[in-house]
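Notes for the one structure printed next.
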Amino acid sequence: MADKVCLQPCLGLRKEAVLCRQAFYVVHEDLRAGKTELGCGPALNANVQEDLDFIAMYPVLAVEACDLDCATRLVDKKGKQAARTVRVPEMAKELGINLDSLPEGDNISPDHPAVQTLAKRVAELVDELLAAS
Amino acid sequence: MAEEQDFKVAVLSCNGIGRLVSTVVRLAGYKIKQMRPDTVVLLSSGRLAVAEPEHVEMLRKYPLLVIDGCRPHCASFLADELGKKPAAKIYVADVMAENKINVAGEKRRELTEKGQRLVEAVARKAVEEIDRVIADEMLSTL
């Protein structure tokens with residue numbers, strides 16, 4: 001049974017990607033500290049051992065900003081499969097987050113309600129993956 | 001004629017997530033785009049890592065400025081993997097040392113004024129490099 005989940009974010013530049021990464025910080029540092037690792041896409045691509053270990057040791061939750069699914073495909077490229085892939089636009093719709101209200105090309109505060117709402121949902125997905133592993 | 005050319009520079013920052021510099025380079029990328037909106041194309045490391053065709057085409061089309069946040073130099077690795085030699089490179093630690101900026105105590109999830117100073121310094125350095133690369137490209141056509 002895995003004791004952690006690897007959070008693999010889209011590392012794009014659009015606001016959906018920023019929302020995702022900020023939610024990941026909240027999950028990793030506040031909501032599920034000790035039960036998650038942050039998977040860094042460029043480091044994984046560059047074969048940084050820590051990031052290779054994360055996808056080898058833990059189930060991967062990939063959260064994508066769009067349907068290109070780059071985080072999921074990167075994990076595939078390294079010979080593993082994400083345990084679950086979800087997309088920010090669909091989660092936002094489900095959670096009532098208005099993406100139009102978020103800034104493009106800027107940071108989004110971790111205290112922003114959209115970040116907190118998404119983070120709570122991601123934390124639930126972490127629990128589901130841990131329970132299933 | 002020079003004015004008929006499409007003089008742009010592609011900027012590839014690592015855009016990682018694990019470290020403070022991940023946030024610094026991402027925010028610097030946005031700042032660079034604000035400072036040179038007509039001459040900068042921001043590239044996504046995520047898309048390039050999976051060789052998304054539209055992004056790979058932009059990487060190949062324009063001279064490249066690489067911004068590496070931390071020691072593995074992942075943005076440089078990515079450019080090399082795709083066979084692109086950068087026209088210029090920036091390493092955040094160099095900028096930090098040149099400008100004597102101390103970011104101890106900063107948090108990756110949200111920068112304060114200290115972290116923003118490093119963002120500004122990286123963006124300024126990048127714009128200097130971008131202007132130089134474009135001047136070099138322009139002169140090579142005359």
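Convention: chains lettered A, B, ... in structure tokens order; per-chain residue numbering from 1; ligands numbered from 1 as shown.
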*Excluding same-chain residues fewer than 3 positions from Glu106 (chain B), what lies within 12 Å of it counting only C-alpha atoms, as a list in words?*
Arg19, Leu20, Val21, Thr23, Val24, Ile101, Asn102, Val103, Arg109, Glu110, Leu111, Thr112, Glu113, Lys114, Gly115, Gln116, Arg117 and Leu118 of chain B
Could you produce a table of the residues of chain A lying within 9 Å of chain B, with the nearest pair of atoms per residue and their separation in Å rounded to one decimal, using only C-alpha atoms, ordered by chain and increasing residue number, as a tab-separated table?
```
residue	atom	partner	partner_atom	distance
A:Pro9	CA	B:Ile17	CA	8.4
A:Cys10	CA	B:Gly46	CA	6.6
A:Leu11	CA	B:Gly46	CA	5.3
A:Gly12	CA	B:Ser44	CA	5.2
A:Leu13	CA	B:Ser44	CA	6.4
A:Arg21	CA	B:Ile17	CA	7.2
A:Gln22	CA	B:Arg109	CA	6.4
A:Tyr25	CA	B:Arg109	CA	6.4
A:Val26	CA	B:Arg109	CA	8.3
A:Leu38	CA	B:Gly18	CA	6.4
A:Gly39	CA	B:Gly18	CA	7.4
A:Cys40	CA	B:Gly16	CA	5.4
A:Gly41	CA	B:Gly16	CA	6.4
A:Pro42	CA	B:Cys74	CA	5.5
A:Ala43	CA	B:Cys74	CA	5.8
A:Leu44	CA	B:Cys74	CA	8.8
A:Asn45	CA	B:Ala49	CA	6.4
A:Ala46	CA	B:Cys74	CA	5.7
A:Val48	CA	B:Pro72	CA	7.3
A:Leu68	CA	B:Arg47	CA	8.1
A:Asp69	CA	B:Arg47	CA	9.0
A:Cys70	CA	B:Gly46	CA	5.9
A:Ala71	CA	B:Gly46	CA	6.9
A:Arg73	CA	B:Val50	CA	6.5
A:Leu74	CA	B:Val50	CA	6.0
A:Lys77	CA	B:Val50	CA	7.7
A:Gly105	CA	B:Tyr30	CA	5.6
A:Asp106	CA	B:Tyr30	CA	6.7
A:Asn107	CA	B:Leu27	CA	7.2
A:Ile108	CA	B:Glu110	CA	8.3
A:Ser109	CA	B:Glu110	CA	6.6
A:Pro110	CA	B:Arg109	CA	6.7
```
*Residues at most 9 Å from Ala62 (chain A), counting only C-alpha atoms, excluding those fewer than 4 positions away in the same chain, as a PyMOL selection string?*
chain A and resi 6-10+69+71-72+75+82-87
*Which neighbours of Ala23 (chain A) fall inside 9 Å, counting only C-alpha atoms, when residues of the same chain fewer than 2 positions from it are skipped, and could you give them as a PyMOL selection string?*
chain A and resi 18-21+25-28+110+114-120+122
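Within region 1-141 of chain B, residues classed as strand (DSSP E) by DSSP on backbone coordinates are B:Val9, B:Ala10, B:Val11, B:Leu12, B:Ser13, B:Val40, B:Val41, B:Leu42, B:Leu43, B:Leu64, B:Leu65, B:Val66, B:Ile67, B:Asp68, B:Ala88, B:Lys89, B:Ile90, B:Tyr91.
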*If you run DSSP on this backbone, which residues of chain B come out as helix (DSSP H, G or I), and could you give them as a ChimeraX atom specification?*
/B:2-4,20-35,45-49,53-61,74-81,92-98,113-141
Could you write out that same residue set with C-alpha atoms as a short mmCIF file (atom, residue, chain, number, x, y, z; two decimals), in the first residue's frame?
```
data_model
loop_
_atom_site.label_atom_id
_atom_site.label_comp_id
_atom_site.auth_asym_id
_atom_site.auth_seq_id
_atom_site.Cartn_x
_atom_site.Cartn_y
_atom_site.Cartn_z
CA ALA B 2 14.48 44.44 -41.79
CA GLU B 3 10.97 45.75 -41.07
CA GLU B 4 9.46 42.89 -43.07
CA LEU B 20 11.28 28.79 -4.82
CA VAL B 21 13.01 29.50 -8.12
CA SER B 22 10.21 27.64 -9.91
CA THR B 23 7.90 30.48 -8.94
CA VAL B 24 10.55 33.09 -9.71
CA VAL B 25 11.12 31.92 -13.29
CA ARG B 26 7.41 31.52 -14.00
CA LEU B 27 6.63 35.04 -12.83
CA ALA B 28 9.70 36.36 -14.65
CA GLY B 29 8.32 34.83 -17.85
CA TYR B 30 5.09 36.78 -17.48
CA LYS B 31 7.04 39.94 -16.72
CA ILE B 32 9.26 39.46 -19.80
CA LYS B 33 6.17 39.10 -21.97
CA GLN B 34 4.77 42.33 -20.49
CA MET B 35 8.04 44.14 -21.17
CA SER B 45 8.08 23.37 -20.78
CA GLY B 46 5.22 20.92 -20.27
CA ARG B 47 4.21 21.02 -23.92
CA LEU B 48 7.78 20.76 -25.14
CA ALA B 49 8.51 17.82 -22.88
CA PRO B 53 3.99 19.94 -32.52
CA GLU B 54 2.88 23.60 -32.40
CA HIS B 55 5.32 24.35 -29.60
CA VAL B 56 8.16 22.44 -31.21
CA GLU B 57 7.59 24.47 -34.37
CA MET B 58 7.91 27.73 -32.41
CA LEU B 59 11.04 26.42 -30.70
CA ARG B 60 12.59 25.70 -34.08
CA LYS B 61 11.43 28.94 -35.71
CA CYS B 74 16.05 21.31 -16.86
CA ALA B 75 15.13 23.96 -19.46
CA SER B 76 18.58 23.57 -21.03
CA PHE B 77 18.13 19.79 -20.98
CA LEU B 78 14.80 20.18 -22.78
CA ALA B 79 16.25 22.43 -25.48
CA ASP B 80 19.11 20.01 -25.97
CA GLU B 81 16.74 17.06 -26.12
CA VAL B 92 18.79 32.42 -11.76
CA ALA B 93 21.59 31.95 -9.23
CA ASP B 94 23.88 34.10 -11.41
CA VAL B 95 21.31 36.89 -11.48
CA MET B 96 20.84 36.60 -7.74
CA ALA B 97 24.57 36.92 -7.15
CA GLU B 98 25.04 39.79 -9.61
CA GLU B 113 8.75 42.04 -2.11
CA LYS B 114 12.11 40.24 -1.72
CA GLY B 115 11.16 37.51 -4.16
CA GLN B 116 9.64 40.03 -6.54
CA ARG B 117 12.99 41.84 -6.67
CA LEU B 118 14.57 38.67 -8.00
CA VAL B 119 11.72 38.28 -10.52
CA GLU B 120 12.35 41.84 -11.72
CA ALA B 121 16.11 41.24 -11.95
CA VAL B 122 15.67 38.04 -13.97
CA ALA B 123 13.21 39.80 -16.28
CA ARG B 124 15.57 42.76 -16.80
CA LYS B 125 18.46 40.43 -17.59
CA ALA B 126 16.26 38.47 -19.99
CA VAL B 127 15.12 41.60 -21.81
CA GLU B 128 18.77 42.67 -22.24
CA GLU B 129 19.50 39.31 -23.82
CA ILE B 130 16.36 39.43 -25.97
CA ASP B 131 17.24 42.89 -27.29
CA ARG B 132 20.77 41.72 -28.07
CA VAL B 133 19.59 38.58 -29.86
CA ILE B 134 17.10 40.56 -31.96
CA ALA B 135 19.73 43.18 -32.83
CA ASP B 136 22.06 40.41 -33.89
CA GLU B 137 19.35 38.76 -36.01
CA MET B 138 18.37 42.09 -37.56
CA LEU B 139 21.92 43.06 -38.45
CA SER B 140 22.52 39.67 -40.00
CA THR B 141 19.80 40.43 -42.57
#
```
*If you measure from CA of Ile90 (chain B) to CA of Val66 (chain B), what distance in Å do you get, rounded to one decimal?*
6.2 Å
